[in-house]
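*Asks:* Quick one: structure below, then a few questions.
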Amino acid sequence: MGDFLAQLVDISKSFPGVKALDHVNFDLRPGEVHALVGENGSGKSTLVKILSGVYTKDEGKILINGEETVFPNPRAAQDKGICIIHQELNLCRHLTIAENIYLGREPQKFLFLDQKKQIEDARAILKRLDVDLDPTTRVSDLTVSKQQMVEIGKAISTDARIIIMDEPTSALTVKEIDELFTIINVLKREGHGIIYISHRLEELAAIADRVTIIRDGQHIATMNYQDTDQEAIIRHMVGRELKEKFPRVQTQAGKTIFEVKHLAAGKAVKDVSFSVREGEILGIAGLMGAGRTETVRAIFGADPKESGQIFLHGKEISIHKPLEAIETGVFCVPEDRKKDGLCISMPVYQNVTLPNMEKVTVRGIVNNAKEVSIARNTVSELSIRTTGVGQTVKNLSGGNQQKVVVGKWLVKPAKVILFDEPTRGIDVGAKVDIYNLMNELKKQGIGVVFVSSELPEILGMADRIVVMCEGRVIAEFDASEANQEVIMQYATQYM
Ligand SMILES: Nc1ncnc2c1ncn2[C@@H]1O[C@H](COP(=O)(O)OP(=O)(O)OP(=O)(O)O)[C@@H](O)[C@H]1O
Ligand SMILES: [Mg+2]
């Protein structure tokens, strides 16, 4: 066994119009968590995709256990013990846990599938990870975090020594993140090496042994985590001092703009009331599953409402579908960008102008130059990293896709904007861009509703905070009198 499980030496990779990686070095030792951080579009996913055979490198060397290796495809990397857990999980939802773990490698007995062995082996793997799950459960019945555990189970069942996790925690609850970290520690003890990509820098303290920072496709630094701190990491990431993580602006709260009274919808929304005033950001805090996204969807008309009332500037309005919401000036930046927010194979400019057709059509004919100029504005306002507004959204990095989702709603005048986890997967610098934008909206007298699972950002940006639990609003605070502990107490009240 060499000193390194993997060494990536002088790796370069270009896509049309971008040099995604420029002579980057990275290595991984057995039994360590090596965090890989950098701004959106800095090249993190590209680097790990090269190590896992998804992309081929243009230049450089890959050494596995000290031996130079070439990966023409993902299978070749798998055979060398490399496993990548993408953020979009790759399981077959209609199959069981055991079937997923052994998919394509089913144990056989006399040429037949040995189902009993498959289930027993899967049980042993889950036990090794200390996960309490029945291997015959269908994957579609599992939460995202449990699905992730199955992915990890699959990885160790293939004897993968190198496990790559690309933003594994972005859809997990606090408790689930703890569970994941416990598993990561088991894997470390067993001598696996883990490459860990995340924008949640505060997580690194709990698990990272080393951290590598890349910026604009270039290697900036590799450090022992102990010898550094979050501020230094951020400085390396953005290449400058970040003045304020939460750039709050003080304004005088004025008249009530928007009010929701006793909203009930589906199973998840039981009794939700809140109001937003001019010149304030209303934060909606709560845990994953508290019904916040469902609340936003029901208000926006994406899901049916059962009862309750909605008022805009004191007048009751009724919204049955998103189009009606948009016409009244109530916009929504959704949580699941791939599903609800983007047309992934269309160019950036069409994604921006799609909800703004009236701005770019003249007598029913689309004016392409107008589309492009509006989109260019959005791209520069939000510093979206593209090769141009003609770039296909699919080829943007995850965080830049999210910025497109946010950007397309800022083209036309809004009265109320509901942001559902707008900074998920977005780097520290770009988060500040989005916060500033919310501040700008608030100054213009637009009602800003800000749903987030990250308490620091709710506390840092919202002026007033309501806490949801089990489909109900159960507490309300002025931001100045709230803190993490109190909010958590309410958010976990019924657990
Ligand atoms: N398949 C592709 N085709 C064209 N360009 C691509 C492709 N994949 C990535 N890129 C570009 O390469 C650069 C690096 O992207 P990458 O996805 O590696 O960033 P990232 O660091 O993972 O960012 P994020 O934190 O937003 O996920 C970006 O400019 C991106 O647009
Ligand atoms: Mg990425």
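Following the order of the structure tokens, chains are lettered A, B, ..., residues in each are numbered from 1, and ligands are numbered from 1.
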May I have the residues within 9 Å of Tyr490 (chain A) as a JSON list (two decimals) with N, CA and C atoms, in the first residue's frame, using only C-alpha atoms and disregarding those fewer than 2 positions away in the same chain?
*Replies:*
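And here is the file that came out, selection_16.json:
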```
[["chain", "number", "residue", "atom", "x", "y", "z"],
["A", 286, "GLY", "N", -37.49, 26.41, 9.85],
["A", 286, "GLY", "CA", -38.08, 25.11, 10.16],
["A", 286, "GLY", "C", -37.18, 24.03, 9.63],
["A", 467, "VAL", "N", -41.55, 30.47, 12.56],
["A", 467, "VAL", "CA", -41.02, 29.12, 12.61],
["A", 467, "VAL", "C", -42.15, 28.15, 12.30],
["A", 468, "MET", "N", -41.90, 27.22, 11.40],
["A", 468, "MET", "CA", -42.92, 26.21, 11.08],
["A", 468, "MET", "C", -42.51, 24.85, 11.61],
["A", 469, "CYS", "N", -43.51, 24.09, 12.03],
["A", 469, "CYS", "CA", -43.28, 22.72, 12.45],
["A", 469, "CYS", "C", -44.55, 21.95, 12.14],
["A", 474, "ILE", "N", -45.70, 28.12, 14.31],
["A", 474, "ILE", "CA", -45.86, 27.97, 15.75],
["A", 474, "ILE", "C", -45.15, 29.04, 16.55],
["A", 475, "ALA", "N", -44.41, 29.91, 15.88],
["A", 475, "ALA", "CA", -43.78, 30.99, 16.63],
["A", 475, "ALA", "C", -43.41, 32.11, 15.68],
["A", 485, "GLU", "N", -30.88, 28.68, 19.16],
["A", 485, "GLU", "CA", -31.41, 27.72, 20.14],
["A", 485, "GLU", "C", -32.93, 27.82, 20.22],
["A", 486, "VAL", "N", -33.43, 29.05, 20.33],
["A", 486, "VAL", "CA", -34.87, 29.24, 20.47],
["A", 486, "VAL", "C", -35.60, 28.71, 19.22],
["A", 487, "ILE", "N", -35.08, 29.05, 18.05],
["A", 487, "ILE", "CA", -35.74, 28.62, 16.83],
["A", 487, "ILE", "C", -35.75, 27.09, 16.74],
["A", 488, "MET", "N", -34.62, 26.49, 17.07],
["A", 488, "MET", "CA", -34.54, 25.03, 17.03],
["A", 488, "MET", "C", -35.53, 24.38, 17.99],
["A", 492, "THR", "N", -38.37, 21.85, 16.48],
["A", 492, "THR", "CA", -38.36, 20.42, 16.81],
["A", 492, "THR", "C", -39.41, 20.09, 17.87],
["A", 493, "GLN", "N", -40.32, 21.03, 18.08],
["A", 493, "GLN", "CA", -41.30, 20.90, 19.15],
["A", 493, "GLN", "C", -42.03, 19.57, 19.21],
["A", 494, "TYR", "N", -42.46, 19.09, 18.03],
["A", 494, "TYR", "CA", -43.29, 17.86, 18.05],
["A", 494, "TYR", "C", -42.47, 16.61, 17.75]]
```
*Asks:* For ligand 1, collect every residue having any atom at a distance of at most 9 Å from a ligand atom (counting only C-alpha atoms and all ligand atoms); output as a ChimeraX atom specification.
*Replies:* /A:13-21,37-49,55,166-167,197-199,214-217,385-387,391-402,425-427
*Asks:* Could you tell me how far CA of Phe331 (chain A) lies from CA of Lys359 (chain A), in Å and to one decimal?
*Replies:*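 Here the two named atoms are 16.3 Å from each other.
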*Asks:* Counting only C-alpha atoms, which residue out of A:Arg363, A:Arg248, A:Asp478, A:Ser380 sits closest to Glu457 (chain A)?
*Replies:*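 That would be A:Arg248, the residue with the smallest distance to Glu457 (chain A).
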*Asks:* Find the residues around Leu410 (chain A) up to 12 Å (only C-alpha atoms counted), leave out those fewer than 2 positions away in its own chain, and share them as a CSV table (one decimal) with C-alpha atoms, in the first residue's frame.
*Replies:*
```csv
chain,number,residue,atom,x,y,z
A,329,GLY,CA,-47.2,39.9,-9.2
A,330,VAL,CA,-46.6,37.0,-6.8
A,331,PHE,CA,-43.4,35.2,-7.9
A,332,CYS,CA,-41.8,32.1,-6.6
A,333,VAL,CA,-38.2,30.9,-6.8
A,352,VAL,CA,-34.3,33.9,-18.4
A,353,THR,CA,-37.0,35.1,-20.8
A,355,PRO,CA,-41.5,33.8,-17.8
A,356,ASN,CA,-41.0,37.2,-19.4
A,374,ILE,CA,-32.2,41.1,-21.1
A,375,ALA,CA,-30.4,37.9,-20.3
A,377,ASN,CA,-28.3,42.0,-17.8
A,378,THR,CA,-29.3,39.2,-15.6
A,379,VAL,CA,-26.0,37.4,-16.1
A,381,GLU,CA,-26.2,41.4,-12.2
A,382,LEU,CA,-25.9,38.0,-10.6
A,403,LYS,CA,-28.5,31.8,-10.1
A,404,VAL,CA,-30.4,31.5,-13.4
A,405,VAL,CA,-33.5,30.3,-11.5
A,406,VAL,CA,-33.3,33.3,-9.3
A,407,GLY,CA,-32.4,35.7,-12.1
A,408,LYS,CA,-35.4,35.0,-14.4
A,412,LYS,CA,-40.3,42.1,-14.4
A,413,PRO,CA,-41.8,44.0,-11.6
A,414,ALA,CA,-42.9,41.9,-8.7
A,415,LYS,CA,-45.1,42.7,-5.6
A,416,VAL,CA,-44.1,39.6,-3.6
A,417,ILE,CA,-41.3,37.1,-4.2
A,418,LEU,CA,-41.2,33.8,-2.4
A,419,PHE,CA,-37.7,32.5,-2.2
A,434,ILE,CA,-28.3,36.9,-3.6
A,437,LEU,CA,-30.5,41.3,-4.3
A,438,MET,CA,-33.1,40.5,-1.6
A,440,GLU,CA,-32.6,45.6,-3.1
A,441,LEU,CA,-36.1,44.2,-3.5
A,446,ILE,CA,-41.4,44.4,-2.6
```
*Asks:* Point out the residue among A:Gln484, A:Thr56, A:Ser452, A:Thr169 with the least atom-to-atom distance to Ile284 (chain A), counting only C-alpha atoms.
*Replies:*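 When distances to Ile284 (chain A) are compared using only C-alpha atoms, the smallest one comes from A:Ser452.
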*Asks:* Closest to Gly266 (chain A) among A:Asp303, A:Asp130, A:Glu231, A:Asp22, using only C-alpha atoms?
*Replies:*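 So, comparing all the options, the nearest one is A:Asp303.
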*Asks:* Pick out the residues sitting within 12 Å of Cys92 (chain A), and hand them over as an NGL selection string; count only C-alpha atoms, and ignore anything fewer than 6 positions along from it in its own chain.
*Replies:* :A and (98-104 or 138-142 or 147 or 150-151)
*Asks:* In region 205-386 of chain A, what's strand (DSSP E or B) per DSSP? Answer as a count of residues only?
*Replies:* 55
*Asks:* To one decimal place, how far is CA of Ile164 (chain A) from CA of Ala35 (chain A) in Å?
*Replies:*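 Answer for the CA of Ile164 (chain A) to CA of Ala35 (chain A) separation: 9.9 Å.
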*Asks:* I'd like the neighbourhood of Pro30 (chain A) as a PyMOL selection string, where a residue qualifies if any of its atoms comes within 8 Å (using only C-alpha atoms), though same-chain residues fewer than 3 positions away should be ignored.
*Replies:* chain A and resi 3-5+161+188+191-193
*Asks:* Those selected residues, please, written with C-alpha atoms and delivered as a PDB file, in the first residue's frame.
*Replies:*
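result.pdb, written as the output of this step:
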```
ATOM      1  CA  ASP A   3       1.086   6.578   0.833  1.00  0.00           C
ATOM      2  CA  PHE A   4      -1.630   7.780  -1.474  1.00  0.00           C
ATOM      3  CA  LEU A   5      -4.803   6.155  -2.666  1.00  0.00           C
ATOM      4  CA  ARG A 161     -11.450   2.505  -1.403  1.00  0.00           C
ATOM      5  CA  LYS A 188     -12.343   6.591   7.686  1.00  0.00           C
ATOM      6  CA  GLY A 191      -9.124   3.042   5.749  1.00  0.00           C
ATOM      7  CA  HIS A 192     -11.256   4.463   2.957  1.00  0.00           C
ATOM      8  CA  GLY A 193     -10.319   7.832   1.544  1.00  0.00           C
TER       9      GLY A 193
END
```
*Asks:* If DSSP is run on the backbone, what residues of region 45-106 of chain A are helix (DSSP H, G or I)? A reply as a ChimeraX atom specification would be ideal.
*Replies:* /A:45-51,74-79,97-101
*Asks:* Please produce a file of those selected residues containing N, CA and C atoms, as a PDB file, in the first residue's frame.
*Replies:*
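Below is the file selection_25.pdb, written as the result:
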```pdb
ATOM      1  N   SER A  45     -16.588  19.755  -9.482  1.00  0.00           N
ATOM      2  CA  SER A  45     -17.256  18.572 -10.036  1.00  0.00           C
ATOM      3  C   SER A  45     -16.468  18.020 -11.217  1.00  0.00           C
ATOM      4  N   THR A  46     -15.906  18.913 -12.027  1.00  0.00           N
ATOM      5  CA  THR A  46     -15.134  18.452 -13.176  1.00  0.00           C
ATOM      6  C   THR A  46     -13.955  17.602 -12.719  1.00  0.00           C
ATOM      7  N   LEU A  47     -13.279  18.044 -11.660  1.00  0.00           N
ATOM      8  CA  LEU A  47     -12.113  17.295 -11.175  1.00  0.00           C
ATOM      9  C   LEU A  47     -12.506  15.894 -10.702  1.00  0.00           C
ATOM     10  N   VAL A  48     -13.573  15.808  -9.920  1.00  0.00           N
ATOM     11  CA  VAL A  48     -13.932  14.469  -9.424  1.00  0.00           C
ATOM     12  C   VAL A  48     -14.554  13.607 -10.525  1.00  0.00           C
ATOM     13  N   LYS A  49     -15.143  14.254 -11.516  1.00  0.00           N
ATOM     14  CA  LYS A  49     -15.656  13.462 -12.636  1.00  0.00           C
ATOM     15  C   LYS A  49     -14.503  12.874 -13.450  1.00  0.00           C
ATOM     16  N   ILE A  50     -13.386  13.577 -13.480  1.00  0.00           N
ATOM     17  CA  ILE A  50     -12.214  13.024 -14.175  1.00  0.00           C
ATOM     18  C   ILE A  50     -11.672  11.835 -13.396  1.00  0.00           C
ATOM     19  N   LEU A  51     -11.631  11.968 -12.074  1.00  0.00           N
ATOM     20  CA  LEU A  51     -11.134  10.855 -11.258  1.00  0.00           C
ATOM     21  C   LEU A  51     -12.067   9.645 -11.331  1.00  0.00           C
ATOM     22  N   PRO A  74     -16.535   5.324 -16.707  1.00  0.00           N
ATOM     23  CA  PRO A  74     -16.777   5.163 -15.268  1.00  0.00           C
ATOM     24  C   PRO A  74     -16.529   3.740 -14.779  1.00  0.00           C
ATOM     25  N   ARG A  75     -16.817   2.762 -15.617  1.00  0.00           N
ATOM     26  CA  ARG A  75     -16.633   1.372 -15.216  1.00  0.00           C
ATOM     27  C   ARG A  75     -15.170   1.094 -14.872  1.00  0.00           C
ATOM     28  N   ALA A  76     -14.274   1.646 -15.692  1.00  0.00           N
ATOM     29  CA  ALA A  76     -12.843   1.436 -15.473  1.00  0.00           C
ATOM     30  C   ALA A  76     -12.418   2.007 -14.116  1.00  0.00           C
ATOM     31  N   ALA A  77     -12.993   3.161 -13.764  1.00  0.00           N
ATOM     32  CA  ALA A  77     -12.666   3.773 -12.472  1.00  0.00           C
ATOM     33  C   ALA A  77     -13.240   2.933 -11.334  1.00  0.00           C
ATOM     34  N   GLN A  78     -14.451   2.442 -11.525  1.00  0.00           N
ATOM     35  CA  GLN A  78     -15.078   1.579 -10.521  1.00  0.00           C
ATOM     36  C   GLN A  78     -14.223   0.357 -10.253  1.00  0.00           C
ATOM     37  N   ASP A  79     -13.699  -0.226 -11.325  1.00  0.00           N
ATOM     38  CA  ASP A  79     -12.874  -1.418 -11.170  1.00  0.00           C
ATOM     39  C   ASP A  79     -11.614  -1.139 -10.365  1.00  0.00           C
ATOM     40  N   ILE A  97     -33.532  -2.142  -1.611  1.00  0.00           N
ATOM     41  CA  ILE A  97     -32.186  -1.741  -1.204  1.00  0.00           C
ATOM     42  C   ILE A  97     -31.170  -2.789  -1.655  1.00  0.00           C
ATOM     43  N   ALA A  98     -31.456  -4.066  -1.355  1.00  0.00           N
ATOM     44  CA  ALA A  98     -30.512  -5.136  -1.695  1.00  0.00           C
ATOM     45  C   ALA A  98     -30.302  -5.201  -3.207  1.00  0.00           C
ATOM     46  N   GLU A  99     -31.390  -5.076  -3.962  1.00  0.00           N
ATOM     47  CA  GLU A  99     -31.266  -5.150  -5.424  1.00  0.00           C
ATOM     48  C   GLU A  99     -30.416  -4.007  -5.968  1.00  0.00           C
ATOM     49  N   ASN A 100     -30.581  -2.839  -5.354  1.00  0.00           N
ATOM     50  CA  ASN A 100     -29.782  -1.701  -5.790  1.00  0.00           C
ATOM     51  C   ASN A 100     -28.308  -1.896  -5.461  1.00  0.00           C
ATOM     52  N   ILE A 101     -28.041  -2.374  -4.251  1.00  0.00           N
ATOM     53  CA  ILE A 101     -26.637  -2.523  -3.851  1.00  0.00           C
ATOM     54  C   ILE A 101     -25.913  -3.472  -4.798  1.00  0.00           C
TER      55      ILE A 101
END
```
*Asks:* Give the answer as one residue: which of A:His86, A:Lys270, A:Lys255, A:Lys305 has the shortest atom-to-atom distance to ligand 2, using only C-alpha atoms and all ligand atoms?
*Replies:* A:His86
*Asks:* Can you tell me how far CA of Val366 (chain A) sits from CA of Gly341 (chain A), in Å to one decimal?
*Replies:*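 Distance between the two atoms: 21.5 Å.
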*Asks:* Using only C-alpha atoms and all ligand atoms, find the one residue out of A:Leu36, A:Ile152, A:Ile458, A:Ile299 that sits nearest to ligand 2.
*Replies:*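 For ligand 2, the nearest of the candidates is A:Leu36.
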*Asks:* Need the shell around Tyr435 (chain A): protein/DNA/RNA residues with any atom at most 9 Å away, counting only C-alpha atoms. Skip same-chain ones fewer than 6 positions apart. Format as a PDB file with N, CA and C atoms, in the first residue's frame?
*Replies:*
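New file part05.pdb:
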```pdb
ATOM      1  N   PHE A 246     -23.376  38.458   5.948  1.00  0.00           N
ATOM      2  CA  PHE A 246     -24.802  38.787   5.892  1.00  0.00           C
ATOM      3  C   PHE A 246     -24.987  40.301   5.849  1.00  0.00           C
ATOM      4  N   PRO A 247     -25.100  40.859   4.651  1.00  0.00           N
ATOM      5  CA  PRO A 247     -25.132  42.313   4.501  1.00  0.00           C
ATOM      6  C   PRO A 247     -26.521  42.896   4.782  1.00  0.00           C
ATOM      7  N   ARG A 248     -26.921  42.870   6.017  1.00  0.00           N
ATOM      8  CA  ARG A 248     -28.261  43.342   6.351  1.00  0.00           C
ATOM      9  C   ARG A 248     -28.379  44.859   6.151  1.00  0.00           C
ATOM     10  N   THR A 423     -30.322  29.822  -1.738  1.00  0.00           N
ATOM     11  CA  THR A 423     -28.857  29.758  -1.742  1.00  0.00           C
ATOM     12  C   THR A 423     -28.324  28.333  -1.669  1.00  0.00           C
ATOM     13  N   MET A 461     -30.271  37.596   7.764  1.00  0.00           N
ATOM     14  CA  MET A 461     -30.899  38.404   6.722  1.00  0.00           C
ATOM     15  C   MET A 461     -32.352  38.799   6.977  1.00  0.00           C
TER      16      MET A 461
END
```
*Asks:* Which of these residues is nearest to Glu421 (chain A), using only C-alpha atoms: A:Ala479, A:Leu63, A:Ala285, A:Ile85?
*Replies:* A:Ala285
